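Written out below as structure tokens is the structure these notes cover.
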Amino acid sequence: MRRKITTGLLFALATATPGIAQAAIDPETKVALDTLWVLMAAFLVFWMNAGFAMLESGLCQAKNAVNILAKNFIVFAVSSVAFWVIGFGLMFGNGTSLIGMNGWLLQGADNSPAMGDAYSGVFASLNWTGVPLYAKFLFQLVFAGTAATIVSGAVAERIKFGSFVVFSFILVAFIYPIGGHWAWGGGWLASRGFLDFAGSTVVHSIGGWAALAGVLVLGPRIGKYMPDGVVRPIPGHNMTSATLGTLILWLGWFGFNPGSTMAADPAAISLIALNTSMAAAAGCLAATAVAWTLLGKPDLSMVLNGTLAGLVAITAPCAFVSVGSSVVIGLLAGVIVVYAVLFFDRVKIDDPVGALSVHLVNGVFGTLAVGLFATDGGLFFGGGFAKTTSQLIGIGAVGVTTFVLTLAIWLALKATIGIRVSREEELEGLDIGEHGIEAYTGFAHSHQEMSAEVI
Amino acid sequence: MRRKITTGLLFALATATPGIAQAAIDPETKVALDTLWVLMAAFLVFWMNAGFAMLESGLCQAKNAVNILAKNFIVFAVSSVAFWVIGFGLMFGNGTSLIGMNGWLLQGADNSPAMGDAYSGVFASLNWTGVPLYAKFLFQLVFAGTAATIVSGAVAERIKFGSFVVFSFILVAFIYPIGGHWAWGGGWLASRGFLDFAGSTVVHSIGGWAALAGVLVLGPRIGKYMPDGVVRPIPGHNMTSATLGTLILWLGWFGFNPGSTMAADPAAISLIALNTSMAAAAGCLAATAVAWTLLGKPDLSMVLNGTLAGLVAITAPCAFVSVGSSVVIGLLAGVIVVYAVLFFDRVKIDDPVGALSVHLVNGVFGTLAVGLFATDGGLFFGGGFAKTTSQLIGIGAVGVTTFVLTLAIWLALKATIGIRVSREEELEGLDIGEHGIEAYTGFAHSHQEMSAEVI
Amino acid sequence: MRRKITTGLLFALATATPGIAQAAIDPETKVALDTLWVLMAAFLVFWMNAGFAMLESGLCQAKNAVNILAKNFIVFAVSSVAFWVIGFGLMFGNGTSLIGMNGWLLQGADNSPAMGDAYSGVFASLNWTGVPLYAKFLFQLVFAGTAATIVSGAVAERIKFGSFVVFSFILVAFIYPIGGHWAWGGGWLASRGFLDFAGSTVVHSIGGWAALAGVLVLGPRIGKYMPDGVVRPIPGHNMTSATLGTLILWLGWFGFNPGSTMAADPAAISLIALNTSMAAAAGCLAATAVAWTLLGKPDLSMVLNGTLAGLVAITAPCAFVSVGSSVVIGLLAGVIVVYAVLFFDRVKIDDPVGALSVHLVNGVFGTLAVGLFATDGGLFFGGGFAKTTSQLIGIGAVGVTTFVLTLAIWLALKATIGIRVSREEELEGLDIGEHGIEAYTGFAHSHQEMSAEVI
């Protein structure tokens with residue numbers, strides 16, 4: 001996305017599709033085809049909101065389910081306004097190599113779907129895609145919403161609803177667009193050759209860094225890490241939800257990655273769709289095997305997180321690598337995610353749903369994987385260290401910037417309106433305290449869930 | 001839908017997309033593109049059946065969940081037969097300005113996808129869209145099914161399953177097509193300039209009026225309105241379902257509104273998709289804010305219903321208004337829905353899921369909003385009262401007709417096969433009484449749900 | 001799918017769409033259109049994994065929910081690897097009339113999207129569709145995954161997780177491709193005129209035969225068939241899940257059947273989409289009516305399975321029959337499925353979710369229905385017995401082969417790693433035994449579910 005597919009890939013694809021040259025399609029038809037594709041892809045990515053809502057609420061406790069559902073639901077509404085008013089202009093508006101400075105409220109000149117040199121308007125960084133401005137915006141909006149949703153799971157079960165809403169607005173209006181501008185909005189990282197096709201860094205790592213900052217400021221849930229060093233598992237309340245959510249996300253990723261072509265280019269979208277799915281499958285199998293070996297049983301939450309790890313990791317390289325490489329990237333992501341989950345627990349960073357292991361760690365790995373596995377110029381394909389170096393610079397620059405800025409926001413929120421619910425509310429559950437209702441009226445609770453109260 | 005986009009909008013869109021003229025696409029290609037779009041949109045609207053099933057069952061009690069799921073599931077099967085045999089012919093078949101009188105069982109001459117004057121067949125009112133007849137029918141069928149589904153939620157937790165099935169058949173076969181013919185089938189309202197792009201009135205208000213008639217004949221659930229004037233809240237049993245259902249509906253609306261172009265017109269579908277989503281987001285935020293202020297907490301059911309209110313309200317005007325107007329319409333809808341919910345409880349009209357507040361009230365508001373906000377000729381854009389007057393006539397004519405006819409049907413059903421389950425069955429739950437199974441075998445119930453029995 | 005639509009259908013469609021000739025679309029545009037369609041359809045079929053997961057887990061007991069979810073989730077990952085490495089080559093690779101012998105790991109020459117005689121490569125059996133190879137593979141992969149998923153429900157609540165994973169790999173890598181090659185991969189059944197448009201036999205019956213073999217080797221669940229001859233109902237734990245799952249499957253079938261054109265042919269995909277939906281609706285209504293008559297109440301699981309029966313039955317004939325015939329086929333399927341469920345219980349074949357009645361029995365019926373109802377050459381349309389005979393040969397050949405081979409595999413697995421969990425584990429639930437977690441932590445269980453323990 002945001003970059004035309006590089007020459008290397010076009011070369012690879014041309015080999016596979018002799019006699020087919022996209023350029024031959026009549027321009028009016030191409031706009032219609034591309035718009036159809038971009039909108040359908042945007043709808044699929046929008047659908048990921050349901051995936052995150054089901055996955056994250058399923059992996060948390062029943063007493064906090066309403067709160068998580070409400071957070072994951074409203075965050076897209078908040079993102080819609082924030083990105084419309086400010087974020088899109090900062091990210092894609094004409095400006096400097098550091099930030100965009102045009103296009104607030106989608107105002108300003110724009111002659112989309114005119115492309116390339118024929119484009120004249122305030123969003124020149126998106127002149128490589130030939131769809132109407134509103135399609136460009138909707139597609140980018142659902143990506144921005146994804147970054148914000150990622151935070152929700154990591155800070156779940158103890159964050160104040162209102163503070164999360166405020167943080168989400170700031171993230172999507174001001175912070176997400178910074179790294180986004182650097183990589184996709186015509187900023188300095190794009191100029192240096194940084195490649196992140198669909199957003200392992202721009203979407204997933206930014207969401208992950210913001211989540212990490214939040215988790216550090218919030219601290220762990222009461223009773224998670226016992227004084228005697230024992231890490232107490234707090235199992236999710238609804239594995240049906242969690243499984244459904246992961247399947248929704250897998251489906252949504254067929255919009256996320258192939259849609260990031262922002263053009264109905266047959267060879268490219270076929271390759272990217274297949275790479276995406278094969279990496280997911282490989283991540284699933286690897287995480288299952290590792291969890292089975294390490295923990296003695298095939299833990300379902302690891303099966304699910306392994307899949308998501310594969311999806312996150314293939315997001316940056318999906319357009320630049322072969323199907324075989326996608327399988328390898330997925331396998332590695334599946335291994336990494338299990339160890340990452342164990343690592344975060346060891347250092348007492350409490351992430352109820354594994355969002356950091358999935359989105360941050362594998363967002364970094366996937367971005368790096370472009371440098372390693374790219375068919376054209378990757379380290380493992382004889383391209384030397386140039387690409388890998390570019391990727392590391394991008395990972396570092398976006399990571400440090402996002403982490404520092406979001407840490408400052410979280411600390412400011414903590415010092416003002418507060419970010420953590422009271423001890424009583426956390427023990428009782430946030431659903432009653434924050435929303436006044438419970439998720440499953442009429443069902444009896446076992447004592448298992450209540451055990452936190454005795455701590 | 002059902003009307004080519006008006007000159008005003010085309011003018012507005014042309015401004016935004018210089019150099020792009022749909023007409024230039026080769027005719028064979030255009031049929032393929034349009035059919036792809038219409039079918040994908042139809043699939044998305046079909047998917048709304050799942051949204052209504054999850055939303056409505058989630059907002060009701062566990063003891064009635066099977067009944068609501070069964071109602072919402074079978075209603076589309078019933079609608080399919082009713083609309084195929086009779087309804088589609090009444091709505092779109094050639095006839096008078098009052099009713100269609102051709103095309104039962106999809107029989108009769110038809111040379112679709114031929115368009116305009118080249119079309120010769122019995123469904124001339126749909127000659128503005130260039131897709132095969134079966135695509136036209138499938139797309140219209142999923143709309144008809146939606147109108148019927150809306151009724152299900154309002155009459156939930158006390159209606160007999162069999163009576164609901166009979167009512168749904170009559171609604172889709174005979175009543176929905178009347179208002180539908182007037183507005184979309186070449187009837188007198190269309191001739192008078194009534195504009196309802198995707199069905200705020202034709203689908204949502206018709207469903208809402210039918211539901212209101214049903215609720216009035218049925219009466220409130222036992223224990224809802226106490227003798228001492230207290231309104232007893234009866235919380236839903238599964239907010240996970242309700243949230244998922246709302247996200248499904250939001251996704252489905254990307255088919256409902258943009259698909260109503262029934263053509264893959266890039267500028268129009270991009271605008272409509274964005275307007276739809278922004279109104280949903282605005283409705284969500286406004287309802288959350290109002291509920292938070294009035295009720296002290298951000299009630300999740302209000303967050304969800306606010307979103308749906310925005311979606312219903314933007315359904316009529318989505319093709320005629322700007323993105324900014326869509327946000328305003330969504331905000332107003334979000335405010336209206338909260339007060340409407342409180343109003344219906346005050347007058348003891350018992351609607352378990354808020355269907356009247358969402359679909360009827362905001363269906364009316366959205367239809368009116370065309371007159372107020374239309375970029376071309378709306379009251380707020382200097383167009384005077386002409387458009388608003390047309391809209392009010394349509395709202396009134398369709399509303400009175402639908403309400404009177406459905407009231408007669410409900411009363412006739414009550415006098416014959418009966419429409420309400422026995423007191424014992426209602427207290428015990430309809431799942432056992434009507435279906436012989438319960439929704440969640442193996443789960444223990446708390447006393448909370450049983451409390452209705454002590455009344 | 002796999003066969004160009006027969007002359008008869010093209011004739012019928014041409015009648016309905018005068019002046020429209022697909023061939024007129026410019027070739028580059030057609031590749032883009034077809035790829036868009038095939039990929040969107042593949043995504044919808046992928047989504048059926050969620051449908052099966054929700055349906056099957058919902059119809060089983062809560063204590064086995066994690067196990068079923070994990071099986072249904074991982075099976076697509078396993079299928080992805082198995083079909084990529086081996087299965088696709090066996091099914092579609094150039095070879096003999098009995099089996100393909102090229103294209104492991106998608107390697108080998110291929111100049112897709114070149115079609116017909118212009119195609120040169122190792123997958124000549126797919127040269128009738130003009131999309132890139134990776135799109136062909138992804139579309140076929142989601143079908144292979146469906147066949148494997150069907151098995152999961154029938155063997156639920158007593159099979160070892162590891163053994164199911166191994167069986168699934170073998171099924172997709174080696175067995176599914178055999179019948180698949182015969183019918184769709186250029187094998188001997190295709191040469192004999194066997195018609196199975198989207199896979200009533202190739203996908204659903206193959207899955208069904210494999211499931212039947214498994215059920216026979218596994219035996220019924222403890223307590224299902226009492227010594228005194230009583231058949232004990234073991235109700236599902238979550239009818240919300242089951243209903244959602246069925247709606248997901250209905251939606252997914254809009255990819256399954258119309259997508260099997262593997263081309264965005266407007267008339268064909270419109271007809272097929274409508275036929276699919278009308279058969280589903282008819283199956284739903286017929287099963288509801290029969291169940292209501294036989295059992296006294298409209299049992300929701302019958303409502304759902306009737307719908308699925310209609311969908312399975314229309315899968316083979318969807319492109320060859322009229323809308324009216326589709327309704328008749330759906331009605332018959334809905335009747336058949338209820339009696340089939342009762343039959344399997346009578347002969348003590350324990351299928352917790354009705355997979356055999358839906359996929360095997362109606363897969364057979366649907367395949368036969370091509371011979372009976374085909375507009376061009378069907379027995380009921382004056383075509384004599386030729387088509388029906390071809391269909392019966394295909395049904396028999398694929399059925400016997402699949403049943404014998406899968407029976408051998410199940411017996412081999414039983415003799416080596418074992419296929420059934422211990423009595424203690426089955427009574428306690430497979431979630432704890434196989435996965436170490438439960439599905440709904442925090443919810444109290446009623447004694448109802450525990451009653452199996454007293455047996």
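Here, A, B, ... name the chains of the structure tokens in the order displayed, residue numbers run from 1 inside each chain, and ligands are numbered from 1 in the same displayed order.
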Next item on the list: Give me, as number ranges by chain, the contact residues of chain C against chain A at a cut-off of 6 Å, counting only C-alpha atoms.
Entry: C: 29, 32, 35, 77, 111, 132, 134-135, 435, 439-444
Just want the 12 Å neighbourhood of Arg232 of chain A, counted on only C-alpha atoms, with same-chain residues fewer than 6 positions away dropped. Output as JSON, numbers by chain.
{"A": [220, 221, 222, 223, 224, 225, 226, 345, 346, 348, 350, 352, 451, 452, 455]}
message: Using Å and a single decimal, report how far atom CA of Ala286 of chain B sits from atom CA of Val81 of chain A.
response: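 Going from atom CA of Val81 of chain A over to atom CA of Ala286 of chain B, I get 11.9 Å.
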Considering only C-alpha atoms, return as a PDB file with N, CA, C and O atoms, in the first residue's frame whatever protein or nucleic-acid residues lie within 12 Å of Gly208 of chain C, sequence-local ones (same chain, fewer than 6 positions apart) excluded.
```pdb
ATOM      1  N   THR C 146     -13.080 -27.089   3.418  1.00  0.00           N
ATOM      2  CA  THR C 146     -14.470 -27.358   3.782  1.00  0.00           C
ATOM      3  C   THR C 146     -14.721 -28.856   3.940  1.00  0.00           C
ATOM      4  O   THR C 146     -15.359 -29.305   4.889  1.00  0.00           O
ATOM      5  N   ALA C 147     -14.195 -29.636   3.002  1.00  0.00           N
ATOM      6  CA  ALA C 147     -14.395 -31.084   3.090  1.00  0.00           C
ATOM      7  C   ALA C 147     -13.860 -31.621   4.415  1.00  0.00           C
ATOM      8  O   ALA C 147     -14.483 -32.457   5.070  1.00  0.00           O
ATOM      9  N   ALA C 148     -12.690 -31.106   4.808  1.00  0.00           N
ATOM     10  CA  ALA C 148     -12.087 -31.602   6.047  1.00  0.00           C
ATOM     11  C   ALA C 148     -12.883 -31.155   7.269  1.00  0.00           C
ATOM     12  O   ALA C 148     -13.015 -31.889   8.256  1.00  0.00           O
ATOM     13  N   THR C 149     -13.410 -29.942   7.222  1.00  0.00           N
ATOM     14  CA  THR C 149     -14.157 -29.407   8.363  1.00  0.00           C
ATOM     15  C   THR C 149     -15.424 -30.204   8.628  1.00  0.00           C
ATOM     16  O   THR C 149     -15.866 -30.337   9.774  1.00  0.00           O
ATOM     17  N   ILE C 150     -16.031 -30.716   7.559  1.00  0.00           N
ATOM     18  CA  ILE C 150     -17.283 -31.454   7.703  1.00  0.00           C
ATOM     19  C   ILE C 150     -17.103 -32.650   8.653  1.00  0.00           C
ATOM     20  O   ILE C 150     -17.985 -32.974   9.442  1.00  0.00           O
ATOM     21  N   VAL C 151     -15.931 -33.267   8.565  1.00  0.00           N
ATOM     22  CA  VAL C 151     -15.666 -34.435   9.399  1.00  0.00           C
ATOM     23  C   VAL C 151     -15.721 -34.078  10.890  1.00  0.00           C
ATOM     24  O   VAL C 151     -16.219 -34.848  11.717  1.00  0.00           O
ATOM     25  N   SER C 152     -15.220 -32.893  11.200  1.00  0.00           N
ATOM     26  CA  SER C 152     -15.052 -32.503  12.599  1.00  0.00           C
ATOM     27  C   SER C 152     -16.325 -32.657  13.430  1.00  0.00           C
ATOM     28  O   SER C 152     -16.296 -33.171  14.550  1.00  0.00           O
ATOM     29  N   GLY C 153     -17.449 -32.221  12.892  1.00  0.00           N
ATOM     30  CA  GLY C 153     -18.684 -32.255  13.663  1.00  0.00           C
ATOM     31  C   GLY C 153     -19.166 -33.656  13.978  1.00  0.00           C
ATOM     32  O   GLY C 153     -19.636 -33.930  15.087  1.00  0.00           O
ATOM     33  N   ALA C 154     -19.032 -34.551  13.007  1.00  0.00           N
ATOM     34  CA  ALA C 154     -19.566 -35.904  13.195  1.00  0.00           C
ATOM     35  C   ALA C 154     -18.799 -36.689  14.246  1.00  0.00           C
ATOM     36  O   ALA C 154     -19.360 -37.524  14.956  1.00  0.00           O
ATOM     37  N   VAL C 155     -17.495 -36.437  14.334  1.00  0.00           N
ATOM     38  CA  VAL C 155     -16.671 -37.210  15.272  1.00  0.00           C
ATOM     39  C   VAL C 155     -16.466 -36.465  16.597  1.00  0.00           C
ATOM     40  O   VAL C 155     -15.661 -36.875  17.433  1.00  0.00           O
ATOM     41  N   LEU C 171      -6.479 -36.661   4.688  1.00  0.00           N
ATOM     42  CA  LEU C 171      -7.672 -36.463   3.854  1.00  0.00           C
ATOM     43  C   LEU C 171      -7.417 -35.431   2.769  1.00  0.00           C
ATOM     44  O   LEU C 171      -7.714 -35.659   1.586  1.00  0.00           O
ATOM     45  N   TYR C 176      -9.149 -36.565  -0.566  1.00  0.00           N
ATOM     46  CA  TYR C 176     -10.009 -35.593  -1.241  1.00  0.00           C
ATOM     47  C   TYR C 176      -9.579 -35.372  -2.694  1.00  0.00           C
ATOM     48  O   TYR C 176     -10.431 -35.310  -3.593  1.00  0.00           O
ATOM     49  N   SER C 200     -21.456 -30.880  -4.531  1.00  0.00           N
ATOM     50  CA  SER C 200     -22.295 -31.702  -3.656  1.00  0.00           C
ATOM     51  C   SER C 200     -21.602 -33.029  -3.381  1.00  0.00           C
ATOM     52  O   SER C 200     -21.600 -33.524  -2.251  1.00  0.00           O
ATOM     53  N   THR C 201     -21.003 -33.592  -4.418  1.00  0.00           N
ATOM     54  CA  THR C 201     -20.255 -34.836  -4.224  1.00  0.00           C
ATOM     55  C   THR C 201     -18.808 -34.560  -3.860  1.00  0.00           C
ATOM     56  O   THR C 201     -18.302 -35.056  -2.857  1.00  0.00           O
ATOM     57  N   VAL C 202     -18.150 -33.739  -4.672  1.00  0.00           N
ATOM     58  CA  VAL C 202     -16.704 -33.604  -4.516  1.00  0.00           C
ATOM     59  C   VAL C 202     -16.337 -33.058  -3.130  1.00  0.00           C
ATOM     60  O   VAL C 202     -15.354 -33.499  -2.519  1.00  0.00           O
ATOM     61  N   GLY C 214     -15.388 -42.498  10.055  1.00  0.00           N
ATOM     62  CA  GLY C 214     -14.878 -42.151  11.378  1.00  0.00           C
ATOM     63  C   GLY C 214     -15.864 -42.485  12.483  1.00  0.00           C
ATOM     64  O   GLY C 214     -15.490 -43.019  13.534  1.00  0.00           O
ATOM     65  N   VAL C 215     -17.116 -42.160  12.263  1.00  0.00           N
ATOM     66  CA  VAL C 215     -18.136 -42.413  13.277  1.00  0.00           C
ATOM     67  C   VAL C 215     -18.279 -43.908  13.532  1.00  0.00           C
ATOM     68  O   VAL C 215     -18.422 -44.347  14.681  1.00  0.00           O
ATOM     69  N   VAL C 312     -26.594 -27.685   0.583  1.00  0.00           N
ATOM     70  CA  VAL C 312     -25.771 -28.789   0.075  1.00  0.00           C
ATOM     71  C   VAL C 312     -26.394 -29.373  -1.193  1.00  0.00           C
ATOM     72  O   VAL C 312     -25.698 -29.652  -2.170  1.00  0.00           O
ATOM     73  N   ASP C 351     -24.005 -38.957  15.451  1.00  0.00           N
ATOM     74  CA  ASP C 351     -23.459 -37.793  14.749  1.00  0.00           C
ATOM     75  C   ASP C 351     -23.976 -36.549  15.476  1.00  0.00           C
ATOM     76  O   ASP C 351     -25.093 -36.085  15.212  1.00  0.00           O
ATOM     77  N   GLY C 354     -25.412 -33.672  13.150  1.00  0.00           N
ATOM     78  CA  GLY C 354     -26.194 -33.931  11.947  1.00  0.00           C
ATOM     79  C   GLY C 354     -25.410 -33.775  10.658  1.00  0.00           C
ATOM     80  O   GLY C 354     -25.991 -33.585   9.580  1.00  0.00           O
ATOM     81  N   ALA C 355     -24.101 -33.879  10.732  1.00  0.00           N
ATOM     82  CA  ALA C 355     -23.279 -33.658   9.539  1.00  0.00           C
ATOM     83  C   ALA C 355     -23.544 -34.695   8.454  1.00  0.00           C
ATOM     84  O   ALA C 355     -23.531 -34.378   7.261  1.00  0.00           O
ATOM     85  N   LEU C 356     -23.790 -35.930   8.866  1.00  0.00           N
ATOM     86  CA  LEU C 356     -24.044 -36.965   7.853  1.00  0.00           C
ATOM     87  C   LEU C 356     -25.342 -36.684   7.106  1.00  0.00           C
ATOM     88  O   LEU C 356     -25.416 -36.819   5.890  1.00  0.00           O
ATOM     89  N   SER C 357     -26.373 -36.298   7.864  1.00  0.00           N
ATOM     90  CA  SER C 357     -27.676 -36.035   7.238  1.00  0.00           C
ATOM     91  C   SER C 357     -27.598 -34.843   6.295  1.00  0.00           C
ATOM     92  O   SER C 357     -28.244 -34.820   5.250  1.00  0.00           O
ATOM     93  N   VAL C 358     -26.817 -33.854   6.681  1.00  0.00           N
ATOM     94  CA  VAL C 358     -26.711 -32.654   5.856  1.00  0.00           C
ATOM     95  C   VAL C 358     -25.786 -32.893   4.671  1.00  0.00           C
ATOM     96  O   VAL C 358     -26.168 -32.722   3.515  1.00  0.00           O
ATOM     97  N   HIS C 359     -24.556 -33.293   4.950  1.00  0.00           N
ATOM     98  CA  HIS C 359     -23.536 -33.259   3.902  1.00  0.00           C
ATOM     99  C   HIS C 359     -23.476 -34.548   3.088  1.00  0.00           C
ATOM    100  O   HIS C 359     -23.290 -34.498   1.878  1.00  0.00           O
ATOM    101  N   LEU C 360     -23.598 -35.688   3.753  1.00  0.00           N
ATOM    102  CA  LEU C 360     -23.521 -36.934   2.999  1.00  0.00           C
ATOM    103  C   LEU C 360     -24.836 -37.207   2.251  1.00  0.00           C
ATOM    104  O   LEU C 360     -24.862 -37.319   1.027  1.00  0.00           O
ATOM    105  N   VAL C 361     -25.920 -37.273   3.002  1.00  0.00           N
ATOM    106  CA  VAL C 361     -27.196 -37.650   2.385  1.00  0.00           C
ATOM    107  C   VAL C 361     -27.625 -36.610   1.350  1.00  0.00           C
ATOM    108  O   VAL C 361     -28.008 -36.954   0.224  1.00  0.00           O
ATOM    109  N   ASN C 362     -27.554 -35.346   1.695  1.00  0.00           N
ATOM    110  CA  ASN C 362     -27.981 -34.344   0.735  1.00  0.00           C
ATOM    111  C   ASN C 362     -26.932 -34.043  -0.322  1.00  0.00           C
ATOM    112  O   ASN C 362     -27.255 -33.509  -1.384  1.00  0.00           O
ATOM    113  N   GLY C 363     -25.689 -34.400  -0.036  1.00  0.00           N
ATOM    114  CA  GLY C 363     -24.683 -34.333  -1.086  1.00  0.00           C
ATOM    115  C   GLY C 363     -25.012 -35.339  -2.185  1.00  0.00           C
ATOM    116  O   GLY C 363     -24.947 -35.032  -3.380  1.00  0.00           O
ATOM    117  N   VAL C 364     -25.396 -36.520  -1.759  1.00  0.00           N
ATOM    118  CA  VAL C 364     -25.819 -37.541  -2.721  1.00  0.00           C
ATOM    119  C   VAL C 364     -27.085 -37.092  -3.453  1.00  0.00           C
ATOM    120  O   VAL C 364     -27.171 -37.140  -4.688  1.00  0.00           O
ATOM    121  N   VAL C 398     -17.174 -42.291  -6.330  1.00  0.00           N
ATOM    122  CA  VAL C 398     -16.520 -41.425  -5.343  1.00  0.00           C
ATOM    123  C   VAL C 398     -16.847 -41.913  -3.934  1.00  0.00           C
ATOM    124  O   VAL C 398     -15.985 -41.944  -3.042  1.00  0.00           O
ATOM    125  N   GLY C 399     -18.098 -42.343  -3.745  1.00  0.00           N
ATOM    126  CA  GLY C 399     -18.520 -42.775  -2.413  1.00  0.00           C
ATOM    127  C   GLY C 399     -17.774 -44.011  -1.946  1.00  0.00           C
ATOM    128  O   GLY C 399     -17.203 -44.038  -0.852  1.00  0.00           O
ATOM    129  N   VAL C 400     -17.749 -45.025  -2.774  1.00  0.00           N
ATOM    130  CA  VAL C 400     -17.088 -46.269  -2.378  1.00  0.00           C
ATOM    131  C   VAL C 400     -15.604 -46.016  -2.128  1.00  0.00           C
ATOM    132  O   VAL C 400     -15.048 -46.441  -1.107  1.00  0.00           O
ATOM    133  N   THR C 402     -13.952 -43.230  -1.429  1.00  0.00           N
ATOM    134  CA  THR C 402     -13.657 -42.408  -0.263  1.00  0.00           C
ATOM    135  C   THR C 402     -13.936 -43.174   1.026  1.00  0.00           C
ATOM    136  O   THR C 402     -13.139 -43.132   1.973  1.00  0.00           O
ATOM    137  N   PHE C 403     -15.050 -43.883   1.053  1.00  0.00           N
ATOM    138  CA  PHE C 403     -15.402 -44.598   2.277  1.00  0.00           C
ATOM    139  C   PHE C 403     -14.362 -45.670   2.605  1.00  0.00           C
ATOM    140  O   PHE C 403     -13.901 -45.780   3.742  1.00  0.00           O
ATOM    141  N   THR C 406     -10.937 -43.976   3.625  1.00  0.00           N
ATOM    142  CA  THR C 406     -10.942 -43.307   4.930  1.00  0.00           C
ATOM    143  C   THR C 406     -11.163 -44.322   6.051  1.00  0.00           C
ATOM    144  O   THR C 406     -10.619 -44.167   7.143  1.00  0.00           O
TER     145      THR C 406
END
```
Note to self: as a PyMOL selection string, please: every residue in segment 144-187 of chain A that a backbone DSSP assignment puts in helix (DSSP H, G or I).
What the structure shows: chain A and resi 144-154+161-184
In Å and to one decimal, atom CA of Glu157 of chain C is distant from atom CA of Ile336 of chain C by 25.4 Å
* To do: Return the single residue from B:Ile314, B:Val335, B:Met302, B:Leu98 that is closest to Gly187 of chain B, with distances computed using only C-alpha atoms.
  =>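 Closest to Gly187 of chain B of all the choices is B:Leu98.
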If you count only C-alpha atoms, the residue of A:Leu331, A:Leu430, A:Ala42, A:Ile170 closest to Lys71 of chain A turns out to be A:Leu430
Item to check | Surrounding residues of Phe83 of chain B excluding itself and chain neighbours under 2 positions, 10 Å, only C-alpha atoms, as an NGL selection string | outcome: :B and (78-81 or 85-91 or 104-106 or 137-138 or 140-142 or 144-145 or 169-174 or 176-177)
With C-alpha atoms retained, export the selected residues as an mmCIF file, in the first residue's frame.
```cif
data_model
loop_
_atom_site.group_PDB
_atom_site.id
_atom_site.type_symbol
_atom_site.label_atom_id
_atom_site.label_comp_id
_atom_site.auth_asym_id
_atom_site.auth_seq_id
_atom_site.Cartn_x
_atom_site.Cartn_y
_atom_site.Cartn_z
ATOM 1 C CA VAL B 78 -40.485 -16.845 4.627
ATOM 2 C CA SER B 79 -39.651 -13.537 2.976
ATOM 3 C CA SER B 80 -37.865 -15.313 0.131
ATOM 4 C CA VAL B 81 -40.959 -17.269 -0.812
ATOM 5 C CA VAL B 85 -44.320 -15.481 -5.445
ATOM 6 C CA ILE B 86 -46.130 -12.170 -4.938
ATOM 7 C CA GLY B 87 -44.266 -9.269 -3.383
ATOM 8 C CA PHE B 88 -41.774 -8.464 -6.109
ATOM 9 C CA GLY B 89 -44.542 -8.352 -8.712
ATOM 10 C CA LEU B 90 -46.648 -6.023 -6.594
ATOM 11 C CA MET B 91 -43.691 -3.759 -5.912
ATOM 12 C CA TRP B 104 -45.508 -13.211 -10.112
ATOM 13 C CA LEU B 105 -42.900 -15.911 -9.604
ATOM 14 C CA LEU B 106 -40.512 -13.747 -11.652
ATOM 15 C CA PHE B 137 -34.538 -9.622 -7.473
ATOM 16 C CA LEU B 138 -31.942 -10.910 -5.020
ATOM 17 C CA GLN B 140 -34.564 -6.329 -3.549
ATOM 18 C CA LEU B 141 -35.308 -9.541 -1.659
ATOM 19 C CA VAL B 142 -32.709 -8.878 1.000
ATOM 20 C CA ALA B 144 -37.716 -6.928 1.918
ATOM 21 C CA GLY B 145 -36.315 -9.399 4.414
ATOM 22 C CA PHE B 169 -45.471 -13.659 5.079
ATOM 23 C CA ILE B 170 -48.331 -11.177 4.747
ATOM 24 C CA LEU B 171 -46.044 -8.207 5.363
ATOM 25 C CA VAL B 172 -43.554 -9.159 2.674
ATOM 26 C CA ALA B 173 -46.091 -10.506 0.188
ATOM 27 C CA PHE B 174 -48.655 -7.702 0.377
ATOM 28 C CA TYR B 176 -44.219 -3.878 2.203
ATOM 29 C CA PRO B 177 -44.664 -3.821 -1.598
#
```
Quiz prompt | DSSP strand (DSSP E or B) residues within segment 56-267 of chain A, listed as a count of residues only | solution = 7
